[in-house]
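Input: a single structure, listed below in structure tokens.
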Amino acid sequence: MSKIMVLTSGTSGIGKSIALKLLKESHDDNDKLIINYFEEDQMVEMSAELSETDRNEVSFVYADLSTYEGLEGFVSDILAISDKIDWLICNTGIGTYKKFDEYDYELFDRILRTNLSIPTFMIQKLKPHFNQYGKIILMGSLAGKLPYSSSLVYSVSKAGVHHLAQCLMKEFDGTYVSINAIAPSFVQTPWQKGRSEESYERINKKINLHRFAESDEIAKLVYDTLTNDFINGTLLEITGGYDYF
Ligand SMILES: NC(=O)c1ccc[n+]([C@@H]2O[C@H](COP(=O)([O-])OP(=O)(O)OC[C@H]3O[C@@H](n4cnc5c(N)ncnc54)[C@H](OP(=O)(O)O)[C@@H]3O)[C@@H](O)[C@H]2O)c1
């Protein structure tokens with residue numbers, strides 16, 4: 001059976017690895033992968049890296065998913081491509097390392113909106129368009145399970161994302177659409193640019209495998225979850241064994 005797949009922020013880091021995994025595992029000529037991008041350069045670079053077959057399967061769609069208008073435009077672009085969807089992966093996430101005392105309301109609101117409110121309303125708008133046995137994955141974080149001293153607002157937003165997966169499971173009751181959240185600990189992506197050697201060493205000491213995850217390890221868990229019909233309403237942690245010591 002062919003699939004219509006939608007992925008947000010799919011041209012960088014974890015999102016790009018998810019996109020490449022979905023394309024690698026796609027064996028039906030009618031499969032379609034709709035990838036949201038934000039920075040055009042990233043999209044152009046990724047598009048150039050794809051084989052012709054993969055490029056034919058992908059529709060790159062611009063959207064600023066930190067705004068409600070961006071969300072509305074993205075949803076109408078998706079529905080112009082297909083009225084039905086099978087898989088939705090909400091991967092967009094932003095953060096700040098500003099200290100709590102330096103927060104202003106706009107910063108807090110933008111991070112909560114991008115990480116939590118926009119995915120919530122994206123799912124609300126797309127809900128009537130899911131095929132039976134559809135799948136939704138929300139990108140959470142270990143920072144949503146443990147109070148994350150480096151970023152209060154990010155931690156709170158990701159805790160909301162985890163709970164959203166469980167609450168939405170109830171909203172989808174009767175549709176046979178599954179929804180899960182994935183919580184990675186530390187992943188080697190552009191998100192980490194600027195991290196000092198001292199910071200890597202300090203964090204690696206707390207991880208049983210003593211390294212950050214590669215983004216394709218997260219993509220594999222996403223794919224395994226999408227293809228398992230009995231995983232539902234769950235938070236899947238992928239941490240390498242955090243806080244071992
Ligand atoms: N890296 C980690 O250690 C880690 C750990 C746990 C969870 N996560 C989560 O994993 C997800 C992906 O992060 P990543 O590590 O892959 O970092 P990343 O490479 O920096 O990816 C962040 C993505 O968000 C996109 N983005 C930023 N602002 C946007 C906006 N206004 N509208 C649409 N897209 C926007 C970026 O697009 P452009 O590149 O086009 O700007 C980029 O594709 C996030 O939800 C993050 O919270 C990451």
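A note on labels: chains of the structure tokens are A, B, ... as shown, every chain counts residues from 1, and ligands are counted from 1 in their shown order.
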
*Could I get the residue neighbourhood of ligand 1 at 9 Å, counting only C-alpha atoms and all ligand atoms, as a PyMOL selection string?*
chain A and resi 8-17+36-43+62-67+70-71+90-95+114-115+138-144+154+158+182-193+212-213+215

_Among range 3-243 of chain A, which residues does DSSP mark as alpha helix (DSSP H) when it is run on the backbone? Keep the chain and numbering as in the structure and answer as a count of residues only._
101

*Option closest in space to Gly240 in chain A, from A:Tyr97, A:Asp109, A:Thr175, A:Ile203 [counting only C-alpha atoms]*: A:Ile203

*asked:* Give me, as a PyMOL selection string, the residues of chain A that a backbone DSSP run labels strand (DSSP E or B).
replied: chain A and resi 4-7+32-37+58-62+85-90+130-139+178-184+187-188+207+213-214+235-238+242

If we count only C-alpha atoms, what is near Asp101 in chain A at a cut-off of 12 Å, once residues fewer than 5 positions away on the same chain are taken out, given as a compact mmCIF listing (two decimals) with N, CA and C atoms, in the first residue's frame?
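Listing of result-v8.txt after writing:
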# COMPACT_ATOMS: atom_id res chain seq x y z
N PHE A 108 9.52 33.09 25.66
CA PHE A 108 8.87 31.92 26.26
C PHE A 108 7.71 31.45 25.37
N SER A 151 17.78 24.84 30.17
CA SER A 151 16.73 25.52 29.43
C SER A 151 15.35 25.16 29.96
N LEU A 152 14.87 25.99 30.89
CA LEU A 152 13.57 25.73 31.52
C LEU A 152 12.44 25.66 30.49
N VAL A 153 12.39 26.62 29.58
CA VAL A 153 11.24 26.67 28.66
C VAL A 153 11.25 25.49 27.70

Could the residues of range 75-117 of chain A that have an atom at most 10 Å from range 125-131 of chain A be listed as JSON lines, each with its closest atom pair and the distance in Å to one decimal, counting only C-alpha atoms and ordered by chain and ascending residue number?
{"residue": "A:Val75", "atom": "CA", "partner": "A:Lys125", "partner_atom": "CA", "distance": 7.4}
{"residue": "A:Ser76", "atom": "CA", "partner": "A:Lys125", "partner_atom": "CA", "distance": 9.6}
{"residue": "A:Ile78", "atom": "CA", "partner": "A:Leu126", "partner_atom": "CA", "distance": 9.2}
{"residue": "A:Leu79", "atom": "CA", "partner": "A:His129", "partner_atom": "CA", "distance": 8.6}
{"residue": "A:Ser82", "atom": "CA", "partner": "A:His129", "partner_atom": "CA", "distance": 9.0}
{"residue": "A:Asp83", "atom": "CA", "partner": "A:His129", "partner_atom": "CA", "distance": 6.2}
{"residue": "A:Lys84", "atom": "CA", "partner": "A:His129", "partner_atom": "CA", "distance": 4.8}
{"residue": "A:Ile85", "atom": "CA", "partner": "A:Phe130", "partner_atom": "CA", "distance": 5.0}
{"residue": "A:Asp86", "atom": "CA", "partner": "A:Asn131", "partner_atom": "CA", "distance": 5.5}
{"residue": "A:Trp87", "atom": "CA", "partner": "A:Phe130", "partner_atom": "CA", "distance": 8.1}
{"residue": "A:Leu88", "atom": "CA", "partner": "A:Phe130", "partner_atom": "CA", "distance": 9.1}

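With distances restricted to only C-alpha atoms, A:Thr225 is the closest residue to Lys135 in chain A from A:Ser150, A:Thr234, A:Thr225, A:Ser155.
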
_Residues within 6 Å of Ser2 in chain A, only C-alpha atoms, excluding chain neighbours under 3 positions, as number ranges by chain_ = A: 28, 30-31

Find the residues near Val177 in chain A: any atom within 7 Å, counting only C-alpha atoms, skip ones fewer than 3 places away on the same chain, and give them as an mmCIF file with N, CA and C atoms, in the first residue's frame.
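Ended up saving to selection32.cif:
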data_model
loop_
_atom_site.group_PDB
_atom_site.id
_atom_site.type_symbol
_atom_site.label_atom_id
_atom_site.label_comp_id
_atom_site.auth_asym_id
_atom_site.auth_seq_id
_atom_site.Cartn_x
_atom_site.Cartn_y
_atom_site.Cartn_z
ATOM 1 N N GLN A 132 -7.097 5.176 8.068
ATOM 2 C CA GLN A 132 -7.105 4.225 9.180
ATOM 3 C C GLN A 132 -5.702 3.633 9.334
ATOM 4 N N TYR A 133 -5.317 3.395 10.550
ATOM 5 C CA TYR A 133 -3.970 2.886 10.877
ATOM 6 C C TYR A 133 -2.875 3.905 10.551
ATOM 7 N N GLY A 134 -3.249 5.189 10.509
ATOM 8 C CA GLY A 134 -2.254 6.237 10.364
ATOM 9 C C GLY A 134 -1.368 6.293 11.607
ATOM 10 N N LYS A 135 -0.260 7.020 11.473
ATOM 11 C CA LYS A 135 0.689 7.114 12.596
ATOM 12 C C LYS A 135 1.142 8.566 12.760
ATOM 13 N N PHE A 172 -8.072 10.312 19.360
ATOM 14 C CA PHE A 172 -8.109 9.522 18.112
ATOM 15 C C PHE A 172 -8.798 8.172 18.312
#

*Find the residue from A:Cys167, A:Tyr223, A:Ala181, A:Ala19 that sits nearest to Leu50 in chain A; use only C-alpha atoms when measuring.*
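The answer is A:Ala19, which sits nearest to Leu50 in chain A.
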
*How many Å lie between CA of Asn208 in chain A and CA of Tyr148 in chain A, rounded to one decimal?*
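For CA of Asn208 in chain A relative to CA of Tyr148 in chain A, the distance reads 18.7 Å.
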
*asked:* Could you tell me how far CA of Asn232 in chain A sits from CA of Ser178 in chain A, in Å to one decimal place?
replied: 5.1 Å

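Each of A:Leu33, A:Leu112, A:Ile81, A:Leu221 was compared to Thr96 in chain A using only C-alpha atoms, and A:Leu112 turns out to be the nearest.
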
*asked:* I'd like the interatomic distance between CA of Asp77 in chain A and CA of Val6 in chain A, to a tenth of an Å.
replied: 11.1 Å

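Here the question is which of A:Leu23, A:Ser196, A:Gly73, A:Val222 gets nearest to Glu52 in chain A using only C-alpha atoms, and that residue is A:Leu23.
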